[in-house]
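**Q** Below you will find the structure I want to go over with you.
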Amino acid sequence: MRLFAIDLDGTLLHSTHIISERNVSAVKQCQKNGDIVVIATGRAAFDAAHLLRFHELNCPIIGSNGAELRAEYEGEPIRKNTYVPSDESEAILNCLLKQNVYLQIYLEDEILMTYDATDQLMKKIKEEQGTNPSFQADKFLKSVHPQLTQYGVREVTDFSDVNFTQVMKIMIVSPKAVVLKQIQNDLSSRNCTVTSSGPFNLEVTASGSDKGMALQQFAERMGILLTATVAIGDHHNDLPMFRVAGTSIAMGNAEDTVKRLATYKTGHHDDDGVAMALETFRSIQVGHKGVQDGKYY
């Protein structure tokens, strides 16, 4: 038995934000073979579940970059949430509000954002176009599309009524790289984990909460050795699970850093790179020393 941990955006999802028929078929074939396929995403677990239902897939979910786990074991549901400590989440939010950036706050059953957040973001795009000739608005909007169109978002006037004991993730989006860098520096002294799933965002979770830790905990719960785990992803927030998995596979469209740190590489997400990987690795025998006879494709 193998455990495959697969990212969504830029990985299992095409650039059209759907899961191709070939990828769906490959996931189902792995499950039919007795392997476990877990979705490991920065998206909220309920958002990921909504996508999977649309494509008639049923998989365990590691959501919010490892802050959520939704699975079933021996007929019993597994639900695990890791919250940013309330004093930290409030301090982090206050820090971010001073930067006047686009924010989303992830709770267990909804994502909060202010009603004017998207309009303000569009204004910042126009400002960036005016001051930075190399800025590509179309590339920016394509990159942040998953954040702007998530399922389960609720608009609020402000964040004054947020229950800070229930915050699992804070998402930050900005067209200005210098702003994101400054925020990352500002949060480096806070008790939290900061990563990104794209060039124009930052994602903040509890300290130590990431896809790698969640994958390790899930594998232990399932009784699967880490040598029998395969992680597939494309961006920086996938690196923690690359570090713990027995095998890591970078998408053809992955960041160069991700490719360098991966065990293997597969095709582009628009060319069904996940299916290529699953069709190859589901037939590999796993022994005590790890995955054998792997290959590039």
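By convention in this document, the chains of the structure tokens carry letters A, B, ... by their order, each chain's residues are numbered from 1, and ligands are numbered from 1 in the order they are shown.
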Applying 10 Å and only C-alpha atoms, which residues near Leu187 of chain A remain after dropping the ones on its own chain fewer than 4 positions away? List them as a PyMOL selection string.
**A** chain A and resi 91-92+95-96+181-183+191-194+204
**Q** Export N, CA and C atoms of the chosen residues as a tab-separated table (two decimals), in the first residue's frame?
**A**
```tsv
chain	number	residue	atom	x	y	z
A	91	ALA	N	-2.59	39.59	16.87
A	91	ALA	CA	-1.43	40.44	16.63
A	91	ALA	C	-1.04	40.42	15.15
A	92	ILE	N	-1.11	39.24	14.53
A	92	ILE	CA	-0.79	39.11	13.11
A	92	ILE	C	-1.77	39.92	12.26
A	95	CYS	N	-1.08	43.59	12.46
A	95	CYS	CA	0.11	43.89	11.66
A	95	CYS	C	-0.25	43.99	10.18
A	96	LEU	N	-1.08	43.08	9.71
A	96	LEU	CA	-1.44	43.04	8.30
A	96	LEU	C	-2.37	44.19	7.92
A	181	LYS	N	7.38	40.77	0.84
A	181	LYS	CA	8.66	40.52	1.50
A	181	LYS	C	8.71	41.21	2.85
A	182	GLN	N	8.20	42.44	2.92
A	182	GLN	CA	8.19	43.16	4.19
A	182	GLN	C	7.31	42.45	5.21
A	183	ILE	N	6.15	41.96	4.77
A	183	ILE	CA	5.26	41.23	5.67
A	183	ILE	C	5.94	39.96	6.18
A	191	ASN	N	5.02	33.79	16.39
A	191	ASN	CA	4.89	32.36	16.60
A	191	ASN	C	3.94	31.77	15.56
A	192	CYS	N	4.44	31.67	14.33
A	192	CYS	CA	3.59	31.19	13.23
A	192	CYS	C	4.46	30.63	12.11
A	193	THR	N	3.81	29.97	11.15
A	193	THR	CA	4.47	29.48	9.95
A	193	THR	C	4.00	30.31	8.77
A	194	VAL	N	4.94	30.80	7.96
A	194	VAL	CA	4.61	31.61	6.79
A	194	VAL	C	5.14	30.92	5.55
A	204	VAL	N	-0.40	32.13	6.29
A	204	VAL	CA	0.06	32.08	7.68
A	204	VAL	C	-0.76	31.04	8.45
```
**Q** Could you give me, as an MDAnalysis selection string, the residues within 12 Å of Ala48 of chain A, counting only C-alpha atoms and dropping anything in the same chain fewer than 3 positions from it?
**A** chainID A and resid 6:9 12:13 17:19 38:45 51:55 57:65 68:70 146 150:152
**Q** Mind the document's chain letters and residue numbers, and return as a count of residues only the residues of segment 41-287 of chain A that DSSP labels strand (DSSP E or B).
**A** 56
**Q** Name the residues of segment 41-151 of chain A that come out as helix (DSSP H, G or I) in a backbone DSSP run; write them as a ChimeraX atom specification.
**A** /A:45-54,64-66,86-99,117-131,137-148
**Q** Of the residues A:Ala67, A:Val156, A:Val173, A:Leu226, which is the one nearest to Asn100 of chain A, using only C-alpha atoms?
**A** A:Val173
**Q** Quick one: residues within 12 Å of Pro240 of chain A, only C-alpha atoms counted, chain neighbours fewer than 4 positions away excluded, as a short mmCIF file (atom, residue, chain, number, x, y, z; two decimals) with C-alpha atoms, in the first residue's frame?
**A**
```cif
data_model
loop_
_atom_site.label_atom_id
_atom_site.label_comp_id
_atom_site.auth_asym_id
_atom_site.auth_seq_id
_atom_site.Cartn_x
_atom_site.Cartn_y
_atom_site.Cartn_z
CA ALA A 5 -0.32 13.22 -1.18
CA ALA A 40 -2.91 18.23 0.47
CA ASN A 65 -1.64 23.98 4.43
CA GLY A 66 -1.83 21.28 7.09
CA THR A 193 4.47 29.48 9.95
CA VAL A 194 4.61 31.61 6.79
CA THR A 195 4.69 30.08 3.31
CA SER A 196 3.27 30.73 -0.16
CA GLY A 208 4.84 23.98 12.97
CA SER A 209 1.62 23.55 11.02
CA ASP A 210 2.38 22.63 7.42
CA LYS A 211 1.66 19.95 4.84
CA GLY A 212 4.67 17.90 5.92
CA MET A 213 3.63 17.63 9.54
CA ALA A 214 0.05 16.79 8.55
CA LEU A 215 1.20 14.15 6.05
CA GLN A 216 3.44 12.55 8.66
CA ALA A 231 4.16 13.73 -2.46
CA ILE A 232 3.29 15.64 -5.65
CA GLY A 233 3.31 19.44 -5.83
CA ASP A 234 4.47 22.61 -7.51
CA HIS A 235 5.17 25.40 -5.03
CA HIS A 236 6.90 26.37 -1.77
CA VAL A 244 9.06 13.93 4.89
CA ALA A 245 7.78 11.81 1.99
CA SER A 248 8.67 13.64 -3.97
CA VAL A 258 10.71 22.75 -5.96
CA LEU A 261 14.43 19.47 -4.17
CA ALA A 262 12.19 16.80 -5.69
#
```
**Q** Leaving out Ala250 of chain A and any residue of its chain fewer than 3 positions from it, which residues lie within 10 Å of it when counting only C-alpha atoms, given as an MDAnalysis selection string?
**A** chainID A and resid 11 231:235 238:239 242 253:268 273:274 277
**Q** Keeping N, CA, C and O atoms for every residue in the selection just given, could you write it to a file as a JSON list (two decimals), in the first residue's frame?
**A**
```json
[["chain", "number", "residue", "atom", "x", "y", "z"],
["A", 11, "THR", "N", -1.31, 21.62, -9.72],
["A", 11, "THR", "CA", -0.90, 20.21, -9.65],
["A", 11, "THR", "C", -2.02, 19.31, -10.19],
["A", 11, "THR", "O", -2.01, 18.96, -11.36],
["A", 231, "ALA", "N", 4.73, 12.38, -2.47],
["A", 231, "ALA", "CA", 4.16, 13.73, -2.46],
["A", 231, "ALA", "C", 4.33, 14.36, -3.83],
["A", 231, "ALA", "O", 5.40, 14.29, -4.43],
["A", 232, "ILE", "N", 3.26, 15.01, -4.32],
["A", 232, "ILE", "CA", 3.29, 15.64, -5.65],
["A", 232, "ILE", "C", 2.85, 17.09, -5.50],
["A", 232, "ILE", "O", 1.78, 17.36, -4.95],
["A", 233, "GLY", "N", 3.67, 18.03, -5.97],
["A", 233, "GLY", "CA", 3.31, 19.44, -5.83],
["A", 233, "GLY", "C", 4.09, 20.34, -6.75],
["A", 233, "GLY", "O", 4.90, 19.88, -7.57],
["A", 234, "ASP", "N", 3.86, 21.66, -6.58],
["A", 234, "ASP", "CA", 4.47, 22.61, -7.51],
["A", 234, "ASP", "C", 5.05, 23.86, -6.86],
["A", 234, "ASP", "O", 5.76, 24.62, -7.52],
["A", 235, "HIS", "N", 4.73, 24.12, -5.58],
["A", 235, "HIS", "CA", 5.17, 25.40, -5.03],
["A", 235, "HIS", "C", 5.75, 25.23, -3.63],
["A", 235, "HIS", "O", 5.82, 24.13, -3.08],
["A", 238, "ASP", "N", 4.51, 23.15, -0.73],
["A", 238, "ASP", "CA", 4.59, 21.70, -0.86],
["A", 238, "ASP", "C", 5.92, 21.14, -0.36],
["A", 238, "ASP", "O", 6.05, 19.93, -0.15],
["A", 239, "LEU", "N", 6.91, 22.00, -0.15],
["A", 239, "LEU", "CA", 8.24, 21.53, 0.25],
["A", 239, "LEU", "C", 8.25, 20.80, 1.59],
["A", 239, "LEU", "O", 8.99, 19.81, 1.74],
["A", 242, "PHE", "N", 7.51, 17.36, 0.83],
["A", 242, "PHE", "CA", 8.63, 16.77, 0.07],
["A", 242, "PHE", "C", 9.71, 16.28, 1.03],
["A", 242, "PHE", "O", 10.36, 15.26, 0.78],
["A", 253, "ASN", "N", 5.49, 22.37, -14.27],
["A", 253, "ASN", "CA", 5.29, 23.81, -14.12],
["A", 253, "ASN", "C", 5.73, 24.31, -12.75],
["A", 253, "ASN", "O", 5.50, 25.47, -12.41],
["A", 254, "ALA", "N", 6.39, 23.45, -11.97],
["A", 254, "ALA", "CA", 6.77, 23.81, -10.60],
["A", 254, "ALA", "C", 7.86, 24.88, -10.58],
["A", 254, "ALA", "O", 8.59, 25.07, -11.56],
["A", 255, "GLU", "N", 7.94, 25.57, -9.44],
["A", 255, "GLU", "CA", 9.02, 26.51, -9.22],
["A", 255, "GLU", "C", 10.36, 25.77, -9.30],
["A", 255, "GLU", "O", 10.45, 24.59, -8.95],
["A", 256, "ASP", "N", 11.41, 26.47, -9.76],
["A", 256, "ASP", "CA", 12.71, 25.83, -9.91],
["A", 256, "ASP", "C", 13.22, 25.23, -8.60],
["A", 256, "ASP", "O", 13.81, 24.14, -8.59],
["A", 257, "THR", "N", 12.98, 25.93, -7.49],
["A", 257, "THR", "CA", 13.41, 25.42, -6.19],
["A", 257, "THR", "C", 12.74, 24.09, -5.88],
["A", 257, "THR", "O", 13.38, 23.16, -5.36],
["A", 258, "VAL", "N", 11.46, 23.98, -6.20],
["A", 258, "VAL", "CA", 10.71, 22.75, -5.96],
["A", 258, "VAL", "C", 11.27, 21.62, -6.81],
["A", 258, "VAL", "O", 11.44, 20.49, -6.34],
["A", 259, "LYS", "N", 11.59, 21.93, -8.07],
["A", 259, "LYS", "CA", 12.16, 20.90, -8.95],
["A", 259, "LYS", "C", 13.50, 20.40, -8.44],
["A", 259, "LYS", "O", 13.79, 19.20, -8.48],
["A", 260, "ARG", "N", 14.31, 21.33, -7.96],
["A", 260, "ARG", "CA", 15.64, 20.94, -7.47],
["A", 260, "ARG", "C", 15.56, 20.03, -6.26],
["A", 260, "ARG", "O", 16.40, 19.15, -6.06],
["A", 261, "LEU", "N", 14.54, 20.23, -5.42],
["A", 261, "LEU", "CA", 14.43, 19.47, -4.17],
["A", 261, "LEU", "C", 13.60, 18.20, -4.31],
["A", 261, "LEU", "O", 13.48, 17.43, -3.35],
["A", 262, "ALA", "N", 13.03, 17.97, -5.48],
["A", 262, "ALA", "CA", 12.19, 16.80, -5.69],
["A", 262, "ALA", "C", 13.03, 15.58, -6.08],
["A", 262, "ALA", "O", 14.12, 15.71, -6.64],
["A", 263, "THR", "N", 12.51, 14.40, -5.77],
["A", 263, "THR", "CA", 13.16, 13.16, -6.19],
["A", 263, "THR", "C", 13.03, 12.96, -7.69],
["A", 263, "THR", "O", 13.97, 12.54, -8.36],
["A", 264, "TYR", "N", 11.84, 13.28, -8.21],
["A", 264, "TYR", "CA", 11.56, 13.10, -9.62],
["A", 264, "TYR", "C", 10.76, 14.29, -10.14],
["A", 264, "TYR", "O", 10.26, 15.11, -9.36],
["A", 265, "LYS", "N", 10.61, 14.33, -11.45],
["A", 265, "LYS", "CA", 9.79, 15.36, -12.09],
["A", 265, "LYS", "C", 8.78, 14.68, -12.99],
["A", 265, "LYS", "O", 9.04, 13.61, -13.54],
["A", 266, "THR", "N", 7.63, 15.33, -13.16],
["A", 266, "THR", "CA", 6.60, 14.81, -14.04],
["A", 266, "THR", "C", 6.18, 15.92, -15.00],
["A", 266, "THR", "O", 6.83, 16.96, -15.09],
["A", 267, "GLY", "N", 5.09, 15.71, -15.73],
["A", 267, "GLY", "CA", 4.66, 16.68, -16.72],
["A", 267, "GLY", "C", 3.96, 17.89, -16.11],
["A", 267, "GLY", "O", 3.71, 17.98, -14.91],
["A", 268, "HIS", "N", 3.65, 18.83, -16.98],
["A", 268, "HIS", "CA", 2.94, 20.07, -16.64],
["A", 268, "HIS", "C", 1.53, 19.74, -16.15],
["A", 268, "HIS", "O", 0.94, 18.72, -16.54],
["A", 273, "GLY", "N", 0.14, 15.89, -15.62],
["A", 273, "GLY", "CA", 1.35, 15.42, -14.96],
["A", 273, "GLY", "C", 1.09, 14.53, -13.77],
["A", 273, "GLY", "O", 1.86, 13.60, -13.49],
["A", 274, "VAL", "N", -0.01, 14.78, -13.04],
["A", 274, "VAL", "CA", -0.34, 13.92, -11.90],
["A", 274, "VAL", "C", -0.66, 12.51, -12.37],
["A", 274, "VAL", "O", -0.20, 11.52, -11.80],
["A", 277, "ALA", "N", 2.42, 10.61, -13.16],
["A", 277, "ALA", "CA", 3.10, 10.14, -11.95],
["A", 277, "ALA", "C", 2.39, 8.94, -11.34],
["A", 277, "ALA", "O", 3.02, 7.94, -10.98]]
```
**Q** Taking only C-alpha atoms into account, name the residue in A:Ala71, A:Ala49, A:Leu148, A:Leu3 that is nearest to Gly34 of chain A.
**A** A:Leu3
**Q** Quick one, how far is atom CA of Leu112 of chain A from atom CA of Ser207 of chain A?
**A**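 Computing the Euclidean distance for atom CA of Leu112 of chain A and atom CA of Ser207 of chain A yields 21.3 Å.
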**Q** Give me the residues near Phe4 of chain A as a VMD selection string, where near means some atom within 6 Å (using only C-alpha atoms) and where sequence neighbours in that chain fewer than 6 positions away do not count.
**A** chain A and resid 37 229 to 231
**Q** Between A:Ala219, A:Phe164, A:Met276, A:Val27, which has the minimum distance to Tyr73 of chain A (counting only C-alpha atoms)?
**A**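 With only C-alpha atoms as the atom set, the closest residue is A:Ala219.
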